[in-house]
>>> print(open('target19.csv').read())   # CSV, C-alpha atoms
chain,number,residue,atom,x,y,z
B,1,MET,CA,132.9,21.6,-14.8
B,2,ASN,CA,133.5,25.3,-14.1
B,3,ASP,CA,131.0,28.2,-14.3
B,4,THR,CA,132.0,29.0,-17.9
B,5,ASP,CA,131.4,25.4,-19.0
B,6,LEU,CA,128.0,25.4,-17.2
B,7,ASN,CA,127.0,28.7,-18.8
B,8,ARG,CA,127.9,27.3,-22.3
B,9,ILE,CA,125.8,24.2,-21.7
B,10,LEU,CA,122.9,26.2,-20.4
B,11,LYS,CA,123.0,28.6,-23.3
B,12,SER,CA,123.2,25.8,-25.8
B,13,ALA,CA,119.7,24.7,-24.8
B,14,ARG,CA,117.4,26.0,-27.5
B,15,VAL,CA,113.9,27.3,-26.8
B,16,PRO,CA,111.4,25.5,-29.0
B,17,GLU,CA,110.4,27.7,-31.9
B,18,PRO,CA,106.7,28.1,-32.6
B,19,PRO,CA,105.7,28.4,-36.3
B,20,THR,CA,106.1,31.8,-38.0
B,21,GLU,CA,102.4,32.2,-38.1
B,22,TYR,CA,102.3,32.1,-34.3
B,23,TRP,CA,104.7,35.1,-34.1
B,24,ARG,CA,102.7,36.9,-36.7
B,25,GLU,CA,99.4,36.4,-34.8
B,26,PHE,CA,100.7,36.9,-31.3
B,27,PRO,CA,100.8,40.7,-31.1
B,28,GLY,CA,97.2,40.8,-32.5
B,29,THR,CA,96.0,38.3,-29.9
B,30,VAL,CA,97.5,40.4,-27.1
B,31,VAL,CA,96.0,43.7,-28.4
B,32,ARG,CA,92.6,42.0,-28.9
B,33,ARG,CA,92.5,40.7,-25.4
B,34,LEU,CA,93.6,44.0,-24.0
B,35,ARG,CA,90.8,45.8,-25.9
B,36,GLN,CA,88.3,43.3,-24.7
B,37,GLY,CA,89.2,44.4,-21.2
B,38,ASP,CA,90.4,40.9,-20.3
B,39,GLY,CA,90.9,40.6,-16.6
B,40,GLY,CA,93.9,38.5,-17.1
B,41,GLY,CA,94.3,37.2,-13.5
B,42,ALA,CA,95.5,33.8,-14.8
B,43,ALA,CA,96.0,33.5,-18.5
B,44,GLU,CA,95.0,29.9,-19.1
B,45,PRO,CA,92.6,29.7,-22.0
B,46,ARG,CA,93.5,26.1,-22.7
B,47,ARG,CA,93.1,24.7,-19.3
B,48,ARG,CA,89.7,25.5,-17.9
B,49,PRO,CA,88.9,23.6,-14.7
B,50,ALA,CA,86.0,21.3,-15.0
B,51,LEU,CA,82.7,23.0,-13.9
B,52,PRO,CA,81.3,21.6,-10.8
B,53,PHE,CA,77.9,19.9,-11.3
B,54,TRP,CA,75.9,22.5,-9.3
B,55,SER,CA,77.2,25.3,-11.6
B,56,LEU,CA,75.3,23.7,-14.5
B,57,GLY,CA,72.1,23.8,-12.5
B,58,LEU,CA,72.8,27.4,-11.5
B,59,ALA,CA,73.5,28.3,-15.1
B,60,THR,CA,70.3,26.7,-16.3
B,61,ALA,CA,68.4,28.5,-13.5
B,62,CYS,CA,69.9,31.8,-14.7
B,63,LEU,CA,69.0,31.1,-18.3
B,64,VAL,CA,65.4,30.3,-17.4
B,65,ILE,CA,65.0,33.3,-15.2
B,66,GLY,CA,66.8,35.5,-17.6
B,67,CYS,CA,64.4,34.4,-20.4
B,68,ALA,CA,61.4,34.8,-18.2
B,69,VAL,CA,62.4,38.2,-17.1
B,70,GLY,CA,63.2,39.2,-20.6
B,71,LEU,CA,59.9,38.0,-22.0
B,72,TRP,CA,58.0,39.7,-19.1
B,73,LEU,CA,59.8,42.9,-19.8
B,74,ALA,CA,59.3,42.6,-23.5
B,75,GLY,CA,55.6,42.6,-23.0
B,76,ARG,CA,55.7,45.9,-21.2
B,77,PRO,CA,55.1,49.2,-23.0
B,78,SER,CA,58.3,51.1,-22.1
B,79,ALA,CA,62.0,50.4,-22.7
B,80,PRO,CA,63.6,47.6,-20.6
B,81,ASN,CA,66.2,50.0,-19.1
B,82,ASP,CA,63.6,52.2,-17.6
B,83,LEU,CA,61.5,49.3,-16.5
B,84,LEU,CA,64.4,47.8,-14.7
B,85,ALA,CA,64.7,50.9,-12.6
B,86,GLN,CA,61.0,50.9,-11.8
B,87,ASN,CA,60.3,47.2,-11.2
B,88,PHE,CA,61.3,46.7,-7.6
B,89,GLU,CA,59.0,43.7,-7.6
B,90,LEU,CA,61.1,41.9,-10.1
B,91,LEU,CA,64.2,42.6,-7.9
B,92,ARG,CA,62.4,41.3,-4.8
B,93,GLU,CA,61.4,38.1,-6.6
B,94,VAL,CA,64.9,37.5,-7.9
B,95,THR,CA,66.6,38.2,-4.6
B,96,ALA,CA,64.1,36.0,-2.7
B,97,MET,CA,64.8,33.2,-5.1
B,98,PHE,CA,68.6,33.5,-4.7
B,99,PRO,CA,69.1,35.0,-1.2
B,100,ASN,CA,72.5,36.8,-0.9
B,101,SER,CA,73.5,35.6,-4.3
B,102,VAL,CA,72.3,38.2,-6.7
B,103,ARG,CA,75.3,40.4,-7.6
B,104,ALA,CA,73.6,42.3,-10.4
B,105,VAL,CA,70.7,42.5,-12.8
B,106,VAL,CA,71.8,44.0,-16.1
B,107,ALA,CA,69.7,45.3,-18.9
B,108,ASP,CA,71.1,46.3,-22.2
B,109,GLU,CA,70.3,46.0,-25.9
B,110,SER,CA,70.9,42.2,-25.7
B,111,GLY,CA,68.2,41.8,-23.0
B,112,VAL,CA,68.1,41.3,-19.3
B,113,ARG,CA,70.4,39.0,-17.4
B,114,LEU,CA,71.2,38.1,-13.8
B,115,VAL,CA,74.7,37.9,-12.4
B,116,LEU,CA,74.9,35.5,-9.6
B,117,SER,CA,77.6,34.8,-7.1
B,118,ASP,CA,79.0,31.3,-6.7
B,119,GLN,CA,78.4,31.5,-3.0
B,120,PRO,CA,75.6,33.3,-1.0
B,121,ASP,CA,78.1,36.0,0.0
B,122,VAL,CA,76.4,39.2,-1.1
B,123,PRO,CA,75.5,41.1,2.0
B,124,PRO,CA,72.0,42.6,2.2
B,125,SER,CA,72.0,46.3,1.4
B,126,SER,CA,70.0,48.9,-0.5
B,127,PRO,CA,70.2,48.2,-4.3
B,128,LEU,CA,72.0,50.7,-6.5
B,129,LEU,CA,70.9,51.7,-9.9
B,130,ILE,CA,73.5,52.6,-12.5
B,131,ARG,CA,72.7,53.8,-16.0
B,132,VAL,CA,75.4,54.2,-18.5
B,133,CYS,CA,75.1,55.4,-22.1
B,134,ARG,CA,77.9,55.4,-24.5
B,135,GLY,CA,77.0,56.7,-27.9
B,136,ASN,CA,73.6,55.4,-28.5
B,137,ARG,CA,74.1,52.2,-26.5
B,138,CYS,CA,72.7,52.2,-23.0
B,139,GLN,CA,73.0,49.8,-20.1
B,140,SER,CA,71.2,49.7,-16.8
B,141,VAL,CA,72.5,47.8,-13.8
B,142,ILE,CA,71.0,47.1,-10.5
B,143,THR,CA,73.6,46.0,-8.1
B,144,PHE,CA,74.8,46.3,-4.5
B,145,SER,CA,77.7,48.1,-2.8
B,146,GLY,CA,80.9,46.1,-3.0
B,147,GLN,CA,80.1,44.3,-6.2
B,148,THR,CA,82.2,44.5,-9.3
B,149,VAL,CA,80.3,44.9,-12.5
B,150,GLU,CA,81.2,45.6,-16.2
B,151,LEU,CA,80.0,49.0,-17.4
B,152,ALA,CA,80.4,49.4,-21.2
B,153,GLY,CA,83.0,46.6,-21.0
B,154,ILE,CA,85.0,48.2,-18.2
B,155,PRO,CA,85.1,46.4,-14.8
B,156,VAL,CA,84.3,48.8,-11.9
B,157,GLU,CA,83.7,48.2,-8.3
B,158,VAL,CA,80.5,49.8,-7.1
B,159,LEU,CA,80.5,51.4,-3.7
B,160,ALA,CA,77.9,53.4,-1.8
B,161,ASP,CA,78.9,55.9,0.9
B,162,ALA,CA,77.0,56.8,4.1
B,163,GLU,CA,75.5,59.8,2.4
B,164,GLY,CA,73.9,57.8,-0.3
B,165,HIS,CA,76.3,58.6,-3.1
B,166,VAL,CA,77.5,56.0,-5.5
B,167,LEU,CA,81.2,55.6,-6.3
B,168,LEU,CA,82.4,53.7,-9.3
B,169,VAL,CA,86.1,52.6,-9.1
B,170,GLY,CA,87.9,51.1,-12.0
B,171,GLU,CA,91.6,50.4,-12.6
B,172,ARG,CA,91.9,53.8,-14.3
B,173,VAL,CA,88.7,55.6,-13.5
B,174,VAL,CA,86.9,56.9,-10.4
B,175,TRP,CA,83.5,58.4,-10.6
B,176,SER,CA,81.2,59.7,-7.9
B,177,SER,CA,77.5,60.5,-8.2
B,178,ALA,CA,78.2,63.4,-5.8
B,179,GLU,CA,80.3,65.1,-8.4
B,180,GLY,CA,78.8,63.7,-11.6
B,181,GLY,CA,80.9,64.3,-14.8
B,182,PRO,CA,81.8,61.7,-17.4
B,183,LEU,CA,83.1,58.2,-16.5
B,184,PHE,CA,84.2,57.7,-20.1
B,185,ALA,CA,85.2,60.3,-22.7
B,186,ASP,CA,82.1,59.7,-24.8
B,187,GLY,CA,79.6,58.5,-22.2
B,188,LYS,CA,77.1,59.6,-19.6
B,189,VAL,CA,76.5,57.9,-16.2
B,190,GLU,CA,73.9,58.2,-13.6
B,191,ALA,CA,73.8,56.3,-10.4
B,192,HIS,CA,71.7,56.4,-7.2
B,193,VAL,CA,70.6,54.3,-4.3
B,194,LEU,CA,67.2,52.7,-4.8
B,195,GLU,CA,65.1,53.3,-1.8
B,196,VAL,CA,63.4,50.0,-1.6
B,197,VAL,CA,63.2,47.2,1.0
B,198,LEU,CA,64.0,43.8,-0.5
W,1,MET,CA,114.4,56.4,-36.9
W,2,GLY,CA,116.6,54.6,-34.5
W,3,PHE,CA,115.6,51.6,-32.2
W,4,GLU,CA,115.4,53.7,-29.0
W,5,HIS,CA,113.5,56.5,-30.8
W,6,ASP,CA,110.9,54.1,-32.2
W,7,GLU,CA,110.5,52.4,-28.8
W,8,ALA,CA,110.0,55.7,-26.9
W,9,ASP,CA,107.4,56.7,-29.5
W,10,TRP,CA,105.6,53.3,-29.2
W,11,ILE,CA,105.5,53.6,-25.5
W,12,ARG,CA,104.1,57.1,-25.5
W,13,GLN,CA,101.5,56.1,-28.1
W,14,GLY,CA,100.8,52.9,-26.3
W,15,GLN,CA,100.2,54.9,-23.1
W,16,ALA,CA,97.5,56.8,-25.1
W,17,GLY,CA,96.0,53.4,-26.0
W,18,ASP,CA,97.2,53.2,-29.6
W,19,PRO,CA,96.8,49.5,-30.6
W,20,GLU,CA,99.4,49.6,-33.4
W,21,ALA,CA,102.0,50.9,-31.0
W,22,LEU,CA,101.2,48.2,-28.5
W,23,GLY,CA,101.4,45.6,-31.3
W,24,ALA,CA,104.8,46.9,-32.3
W,25,LEU,CA,106.1,46.6,-28.7
W,26,VAL,CA,104.8,43.0,-28.5
W,27,GLU,CA,106.4,42.2,-31.8
W,28,ARG,CA,109.7,43.6,-30.6
W,29,TYR,CA,109.8,41.7,-27.3
W,30,GLN,CA,107.7,38.6,-27.9
W,31,ARG,CA,110.6,36.3,-28.4
W,32,MET,CA,112.5,37.5,-25.3
W,33,VAL,CA,109.3,37.1,-23.2
W,34,HIS,CA,108.5,33.7,-24.6
W,35,ALA,CA,112.1,32.5,-24.0
W,36,LEU,CA,112.0,33.6,-20.4
W,37,THR,CA,108.6,32.1,-19.7
W,38,PHE,CA,109.6,28.9,-21.4
W,39,ARG,CA,112.7,28.6,-19.2
W,40,MET,CA,110.7,29.3,-16.1
W,41,THR,CA,108.0,26.7,-16.9
W,42,GLY,CA,109.6,24.1,-19.2
W,43,SER,CA,106.3,24.0,-21.1
W,44,MET,CA,105.6,25.8,-24.4
W,45,THR,CA,101.8,25.8,-23.6
W,46,ASP,CA,102.4,27.5,-20.3
W,47,ALA,CA,105.0,29.8,-21.7
W,48,GLU,CA,102.6,31.0,-24.4
W,49,ASP,CA,99.9,31.7,-21.8
W,50,LEU,CA,102.3,33.5,-19.5
W,51,ALA,CA,103.8,35.5,-22.3
W,52,GLN,CA,100.3,36.8,-23.1
W,53,GLU,CA,99.7,37.5,-19.4
W,54,THR,CA,103.0,39.4,-19.2
W,55,PHE,CA,102.1,41.7,-22.0
W,56,LEU,CA,98.5,42.3,-20.8
W,57,GLN,CA,99.8,43.2,-17.3
W,58,ALA,CA,102.5,45.4,-18.7
W,59,PHE,CA,100.1,47.3,-21.0
W,60,ARG,CA,97.5,47.7,-18.2
W,61,ARG,CA,100.1,49.6,-16.2
W,62,LEU,CA,102.0,51.1,-19.1
W,63,ASP,CA,101.3,54.6,-17.7
W,64,THR,CA,103.4,53.7,-14.7
W,65,PHE,CA,106.5,53.2,-16.9
W,66,ARG,CA,108.6,56.3,-16.5
W,67,GLY,CA,111.6,55.3,-18.5
W,68,GLU,CA,113.9,55.1,-15.5
W,69,ALA,CA,114.8,51.5,-16.4
W,70,LYS,CA,115.0,50.0,-19.9
W,71,PHE,CA,111.7,48.9,-21.2
W,72,SER,CA,113.1,45.4,-21.7
W,73,SER,CA,114.1,45.2,-18.0
W,74,TRP,CA,110.7,46.5,-16.9
W,75,LEU,CA,109.0,43.8,-19.1
W,76,CYS,CA,111.4,41.2,-17.8
W,77,GLN,CA,110.4,42.1,-14.2
W,78,ILE,CA,106.7,41.7,-15.0
W,79,ALA,CA,107.4,38.4,-16.8
W,80,ILE,CA,109.4,36.9,-14.0
W,81,ASN,CA,106.8,38.0,-11.4
W,82,THR,CA,104.1,36.5,-13.6
W,83,CYS,CA,106.0,33.2,-13.7
W,84,LEU,CA,106.6,33.3,-9.9
W,85,ASN,CA,102.9,33.9,-9.2
W,86,TRP,CA,102.0,31.2,-11.7
W,87,SER,CA,104.3,28.9,-9.9
W,88,LYS,CA,102.6,29.6,-6.6
W,89,ARG,CA,99.2,29.0,-8.1
W,90,GLU,CA,100.4,25.8,-9.8
W,91,LYS,CA,102.2,24.4,-6.7
W,92,ARG,CA,100.9,21.0,-7.3
W,93,ARG,CA,101.6,20.9,-10.9
W,94,ASP,CA,105.0,22.3,-10.2
W,95,GLU,CA,105.6,19.3,-8.0
W,96,VAL,CA,104.6,17.0,-10.7
W,97,GLN,CA,106.9,18.7,-13.1
W,98,ARG,CA,109.8,18.5,-10.7
W,99,LEU,CA,109.2,14.8,-10.3
W,100,TRP,CA,109.0,14.4,-14.0
W,101,ALA,CA,112.3,16.3,-14.3
W,102,GLU,CA,113.9,14.1,-11.7
W,103,ASN,CA,112.8,10.9,-13.4
W,104,GLU,CA,114.1,12.3,-16.7
W,105,ALA,CA,117.5,12.8,-15.1
W,106,ILE,CA,117.5,9.5,-13.2
W,107,LEU,CA,116.5,7.5,-16.3
W,108,GLY,CA,119.7,8.7,-17.9
W,109,GLU,CA,121.0,10.0,-21.1
W,110,GLY,CA,120.7,6.8,-23.1
W,111,ARG,CA,116.9,7.0,-23.0
W,112,VAL,CA,116.9,10.7,-23.7
W,113,GLU,CA,119.2,10.4,-26.6
W,114,ALA,CA,117.3,7.6,-28.1
W,115,ALA,CA,114.0,9.4,-27.7
W,116,ASP,CA,115.2,12.9,-28.8
W,117,ALA,CA,118.3,12.5,-30.8
W,118,GLU,CA,118.1,16.0,-32.2
W,119,ALA,CA,118.4,18.0,-28.9
W,120,PRO,CA,119.5,15.9,-25.9
W,121,ILE,CA,121.2,18.9,-24.3
W,122,THR,CA,118.1,21.1,-24.6
W,123,ARG,CA,116.1,18.3,-23.0
W,124,ARG,CA,118.6,17.8,-20.2
W,125,VAL,CA,119.0,21.5,-19.5
W,126,THR,CA,115.2,22.0,-19.4
W,127,ALA,CA,114.8,19.1,-17.1
W,128,GLY,CA,117.6,20.4,-14.9
W,129,LEU,CA,116.1,23.9,-14.7
W,130,MET,CA,112.7,22.5,-13.9
W,131,ARG,CA,114.3,20.4,-11.1
W,132,LEU,CA,115.5,23.6,-9.4
W,133,PRO,CA,113.4,25.4,-6.8
W,134,THR,CA,111.5,28.2,-8.6
W,135,LYS,CA,113.5,31.1,-7.1
W,136,GLN,CA,116.8,29.5,-8.0
W,137,ARG,CA,115.5,28.9,-11.5
W,138,ALA,CA,114.5,32.6,-11.7
W,139,ALA,CA,118.0,33.7,-10.7
W,140,VAL,CA,119.6,31.5,-13.4
W,141,VAL,CA,117.2,32.7,-16.0
W,142,LEU,CA,117.8,36.3,-15.3
W,143,THR,CA,121.6,36.2,-15.0
W,144,VAL,CA,122.6,33.5,-17.4
W,145,TYR,CA,119.9,33.9,-20.1
W,146,GLU,CA,118.9,37.5,-19.8
W,147,GLY,CA,122.5,38.6,-19.0
W,148,LEU,CA,121.6,40.7,-15.9
W,149,ASN,CA,124.1,41.3,-13.1
W,150,HIS,CA,123.4,40.2,-9.6
W,151,ALA,CA,122.2,43.7,-8.6
W,152,GLN,CA,119.8,44.0,-11.4
W,153,ALA,CA,118.5,40.5,-10.8
W,154,ALA,CA,118.1,41.3,-7.1
W,155,GLN,CA,116.0,44.4,-8.0
W,156,ILE,CA,113.7,42.3,-10.2
W,157,LEU,CA,113.3,39.5,-7.7
W,158,GLY,CA,112.9,41.9,-4.8
W,159,CYS,CA,115.7,40.5,-2.7
W,160,SER,CA,119.2,41.3,-1.8
W,161,GLU,CA,122.2,40.8,-4.0
W,162,THR,CA,123.6,38.3,-1.5
W,163,THR,CA,120.4,36.3,-1.7
W,164,VAL,CA,120.7,36.2,-5.5
W,165,SER,CA,124.4,35.1,-5.2
W,166,TRP,CA,123.5,32.3,-2.8
W,167,ARG,CA,120.6,31.1,-5.0
W,168,LEU,CA,122.9,31.1,-8.0
W,169,PHE,CA,125.6,29.3,-6.1
W,170,ALA,CA,123.2,26.6,-5.0
W,171,ALA,CA,121.6,26.3,-8.5
W,172,ARG,CA,125.0,26.1,-10.2
W,173,ALA,CA,126.2,23.4,-7.9
W,174,LYS,CA,123.2,21.3,-8.6
W,175,LEU,CA,123.2,21.9,-12.4
W,176,LYS,CA,126.9,21.0,-12.6
W,177,ARG,CA,126.1,17.7,-10.9
W,178,TRP,CA,123.1,17.0,-13.1
W,179,LEU,CA,124.6,18.1,-16.4
W,180,THR,CA,128.0,16.6,-16.1
W,181,PRO,CA,128.3,14.0,-18.8
>>> encode(input="target19.csv", output="structure tokens")
Amino acid sequence: MNDTDLNRILKSARVPEPPTEYWREFPGTVVRRLRQGDGGGAAEPRRRPALPFWSLGLATACLVIGCAVGLWLAGRPSAPNDLLAQNFELLREVTAMFPNSVRAVVADESGVRLVLSDQPDVPPSSPLLIRVCRGNRCQSVITFSGQTVELAGIPVEVLADAEGHVLLVGERVVWSSAEGGPLFADGKVEAHVLEVVL
Amino acid sequence: MGFEHDEADWIRQGQAGDPEALGALVERYQRMVHALTFRMTGSMTDAEDLAQETFLQAFRRLDTFRGEAKFSSWLCQIAINTCLNWSKREKRRDEVQRLWAENEAILGEGRVEAADAEAPITRRVTAGLMRLPTKQRAAVVLTVYEGLNHAQAAQILGCSETTVSWRLFAARAKLKRWLTP
């Protein structure tokens, strides 16, 4: 067999043809995932690895604490976003319960939720408060330097510099509390270090 | 409007985040990308996931596309790298696939023809490609199926032209042996 024969055989192998509907829907699927800000490290929606047993416990704990925090905040007179900034006690309790595992506490219109790390690998540091408003939707996040959080659906790495300024670094955006300005075209951002001891 | 003109417009509009333009680019290249990812993985399920991943990665860095290469070559480069990264991640699965391909080849044509009378060649070629080391497979996919020359393939694979030539030489020798009736 020469190279030409081999090429002919290789090219005669057909690629399986998905149904017409698949081709029609595929562009929409890609664009939808893109707009959702899909991280897309490994696109494997059909093969999720089985969750380890402990993660179910962790998820349950998060749910319970999230509900408790939500109910507690709901009983307070002011808006949750502002309360989150003021309630250092809440943060202390949560970080004491999950030492070095709290990546963020997020408050938005859907309530308050905790974002925990799989491992206790969050180094102790001063918490940072970020408040983002886009249109009439606001979100407050308490997190720590070096953590990646989603702000208005956009993943950004949060960093604090030695002078106490907060930097937000995304794939296409960089924002610094030292300079201010908009992070998004139609949004406002504030961020500062919370001077509390946890 | 011509093909190139449309495409340049879609890219420019896509860089500004226009979803319709992005959708049009996917529609134009979805079959090319699916064929490439299928030939690299031998699995339609993986090919579909990797095709999605390719477009997502391409669009996330669409602003880096300067038009120095053809858009199809640029996309091809992202697709092949996505497949090579996938292969690294799926090393164990890759090994299982390679063994499957070897068994398929060892068990012989009779069984294949009986099981899949409509496309024995397709099946044997896919098995042969999957039996190749990933980088040799990539060289075959780029040159034989995508029609690139060795220099273009070398640029995409990030290696020298000589390396591509050697990989092709080795791959061809094996494929000839496995696919000779």
>>> closest_residue(input="target19.csv", among="W:Met32, W:Ala47, W:Val125, W:Ala154", to="chain B", atoms="all atoms listed in the file")
W:Val125
>>> atom_distance(input="target19.csv", atom1="CA of Val94 in chain B", atom2="CA of Gln139 in chain B")
19.1 Å
>>> closest_residue(input="target19.csv", among="B:Glu190, B:Glu157, B:Glu150, B:Glu109", to="Ser177 in chain B", atoms="all atoms listed in the file")
B:Glu190
>>> interface_residues(input="target19.csv", of="chain B", to="chain W", cutoff="7 Å", atoms="all atoms listed in the file", output="compact mmCIF listing (two decimals) with C-alpha atoms, in the coordinates of the input")
# COMPACT_ATOMS: atom_id res chain seq x y z
CA MET B 1 132.90 21.60 -14.80
CA LEU B 6 128.00 25.40 -17.20
CA ASN B 7 127.00 28.70 -18.80
CA LEU B 10 122.90 26.20 -20.40
CA LYS B 11 123.00 28.60 -23.30
CA ALA B 13 119.70 24.70 -24.80
CA ARG B 14 117.40 26.00 -27.50
CA VAL B 15 113.90 27.30 -26.80
CA PRO B 27 100.80 40.70 -31.10
CA GLY B 28 97.20 40.80 -32.50
CA VAL B 30 97.50 40.40 -27.10
CA VAL B 31 96.00 43.70 -28.40
CA LEU B 34 93.60 44.00 -24.00
CA GLY B 40 93.90 38.50 -17.10
CA ALA B 43 96.00 33.50 -18.50
CA GLU B 44 95.00 29.90 -19.10
>>> atom_distance(input="target19.csv", atom1="CA of Gln119 in chain B", atom2="CA of Val105 in chain B")
16.6 Å
>>> residues_around(input="target19.csv", residues="Cys133 in chain B", least_positions_apart="4", cutoff="12 Å", atoms="all atoms listed in the file", output="PDB file with C-alpha atoms, keeping the file's coordinate frame")
ATOM      1  CA  ASN B  81      66.200  50.000 -19.100  1.00  0.00           C
ATOM      2  CA  ALA B 107      69.700  45.300 -18.900  1.00  0.00           C
ATOM      3  CA  ASP B 108      71.100  46.300 -22.200  1.00  0.00           C
ATOM      4  CA  GLU B 109      70.300  46.000 -25.900  1.00  0.00           C
ATOM      5  CA  ARG B 137      74.100  52.200 -26.500  1.00  0.00           C
ATOM      6  CA  CYS B 138      72.700  52.200 -23.000  1.00  0.00           C
ATOM      7  CA  GLN B 139      73.000  49.800 -20.100  1.00  0.00           C
ATOM      8  CA  SER B 140      71.200  49.700 -16.800  1.00  0.00           C
ATOM      9  CA  VAL B 141      72.500  47.800 -13.800  1.00  0.00           C
ATOM     10  CA  LEU B 151      80.000  49.000 -17.400  1.00  0.00           C
ATOM     11  CA  ALA B 152      80.400  49.400 -21.200  1.00  0.00           C
ATOM     12  CA  GLY B 153      83.000  46.600 -21.000  1.00  0.00           C
ATOM     13  CA  PRO B 182      81.800  61.700 -17.400  1.00  0.00           C
ATOM     14  CA  LEU B 183      83.100  58.200 -16.500  1.00  0.00           C
ATOM     15  CA  PHE B 184      84.200  57.700 -20.100  1.00  0.00           C
ATOM     16  CA  ALA B 185      85.200  60.300 -22.700  1.00  0.00           C
ATOM     17  CA  ASP B 186      82.100  59.700 -24.800  1.00  0.00           C
ATOM     18  CA  GLY B 187      79.600  58.500 -22.200  1.00  0.00           C
ATOM     19  CA  LYS B 188      77.100  59.600 -19.600  1.00  0.00           C
ATOM     20  CA  VAL B 189      76.500  57.900 -16.200  1.00  0.00           C
ATOM     21  CA  GLU B 190      73.900  58.200 -13.600  1.00  0.00           C
ATOM     22  CA  ALA B 191      73.800  56.300 -10.400  1.00  0.00           C
TER      23      ALA B 191
END
>>> atom_distance(input="target19.csv", atom1="CA of Gln77 in chain W", atom2="CA of Leu157 in chain W")
7.6 Å
>>> residues_near_point(input="target19.csv", point="(73.2, 53.1, -6.1)", cutoff="10 Å", atoms="all atoms listed in the file", output="VMD selection string")
chain B and resid 126 to 131 141 to 145 158 to 161 164 to 168 177 190 to 195
>>> write_last_selection(input="target19.csv", atoms="C-alpha atoms", output="short mmCIF file (atom, residue, chain, number, x, y, z; two decimals), keeping the file's coordinate frame")
data_model
loop_
_atom_site.label_atom_id
_atom_site.label_comp_id
_atom_site.auth_asym_id
_atom_site.auth_seq_id
_atom_site.Cartn_x
_atom_site.Cartn_y
_atom_site.Cartn_z
CA SER B 126 70.00 48.90 -0.50
CA PRO B 127 70.20 48.20 -4.30
CA LEU B 128 72.00 50.70 -6.50
CA LEU B 129 70.90 51.70 -9.90
CA ILE B 130 73.50 52.60 -12.50
CA ARG B 131 72.70 53.80 -16.00
CA VAL B 141 72.50 47.80 -13.80
CA ILE B 142 71.00 47.10 -10.50
CA THR B 143 73.60 46.00 -8.10
CA PHE B 144 74.80 46.30 -4.50
CA SER B 145 77.70 48.10 -2.80
CA VAL B 158 80.50 49.80 -7.10
CA LEU B 159 80.50 51.40 -3.70
CA ALA B 160 77.90 53.40 -1.80
CA ASP B 161 78.90 55.90 0.90
CA GLY B 164 73.90 57.80 -0.30
CA HIS B 165 76.30 58.60 -3.10
CA VAL B 166 77.50 56.00 -5.50
CA LEU B 167 81.20 55.60 -6.30
CA LEU B 168 82.40 53.70 -9.30
CA SER B 177 77.50 60.50 -8.20
CA GLU B 190 73.90 58.20 -13.60
CA ALA B 191 73.80 56.30 -10.40
CA HIS B 192 71.70 56.40 -7.20
CA VAL B 193 70.60 54.30 -4.30
CA LEU B 194 67.20 52.70 -4.80
CA GLU B 195 65.10 53.30 -1.80
#
>>> residues_near_point(input="target19.csv", point="(84.0, 47.1, -16.8)", cutoff="10 Å", atoms="only C-alpha atoms", output="count of residues only")
17
>>> build_atoms(input="target19.csv", residues="range 68-78 of chain W", atoms="N, CA and C atoms", output="PDB file, in the frame of the given file")
ATOM      1  N   GLU W  68     112.698  55.054 -16.345  1.00  0.00           N
ATOM      2  CA  GLU W  68     113.900  55.100 -15.500  1.00  0.00           C
ATOM      3  C   GLU W  68     114.752  53.827 -15.748  1.00  0.00           C
ATOM      4  N   ALA W  69     114.076  52.719 -16.043  1.00  0.00           N
ATOM      5  CA  ALA W  69     114.800  51.500 -16.400  1.00  0.00           C
ATOM      6  C   ALA W  69     114.556  51.284 -17.914  1.00  0.00           C
ATOM      7  N   LYS W  70     115.299  50.342 -18.512  1.00  0.00           N
ATOM      8  CA  LYS W  70     115.000  50.000 -19.900  1.00  0.00           C
ATOM      9  C   LYS W  70     113.674  49.338 -19.990  1.00  0.00           C
ATOM     10  N   PHE W  71     112.973  49.525 -21.086  1.00  0.00           N
ATOM     11  CA  PHE W  71     111.700  48.900 -21.200  1.00  0.00           C
ATOM     12  C   PHE W  71     111.796  47.375 -21.135  1.00  0.00           C
ATOM     13  N   SER W  72     112.889  46.840 -21.719  1.00  0.00           N
ATOM     14  CA  SER W  72     113.100  45.400 -21.700  1.00  0.00           C
ATOM     15  C   SER W  72     113.248  44.878 -20.266  1.00  0.00           C
ATOM     16  N   SER W  73     113.946  45.651 -19.406  1.00  0.00           N
ATOM     17  CA  SER W  73     114.100  45.200 -18.000  1.00  0.00           C
ATOM     18  C   SER W  73     112.800  45.276 -17.261  1.00  0.00           C
ATOM     19  N   TRP W  74     112.042  46.318 -17.557  1.00  0.00           N
ATOM     20  CA  TRP W  74     110.700  46.500 -16.900  1.00  0.00           C
ATOM     21  C   TRP W  74     109.817  45.315 -17.283  1.00  0.00           C
ATOM     22  N   LEU W  75     109.868  44.953 -18.568  1.00  0.00           N
ATOM     23  CA  LEU W  75     109.000  43.800 -19.100  1.00  0.00           C
ATOM     24  C   LEU W  75     109.509  42.517 -18.452  1.00  0.00           C
ATOM     25  N   CYS W  76     110.829  42.413 -18.345  1.00  0.00           N
ATOM     26  CA  CYS W  76     111.400  41.200 -17.800  1.00  0.00           C
ATOM     27  C   CYS W  76     110.952  41.025 -16.321  1.00  0.00           C
ATOM     28  N   GLN W  77     110.881  42.137 -15.606  1.00  0.00           N
ATOM     29  CA  GLN W  77     110.400  42.100 -14.200  1.00  0.00           C
ATOM     30  C   GLN W  77     108.986  41.597 -14.141  1.00  0.00           C
ATOM     31  N   ILE W  78     108.157  42.099 -15.033  1.00  0.00           N
ATOM     32  CA  ILE W  78     106.700  41.700 -15.000  1.00  0.00           C
ATOM     33  C   ILE W  78     106.658  40.195 -15.406  1.00  0.00           C
TER      34      ILE W  78
END
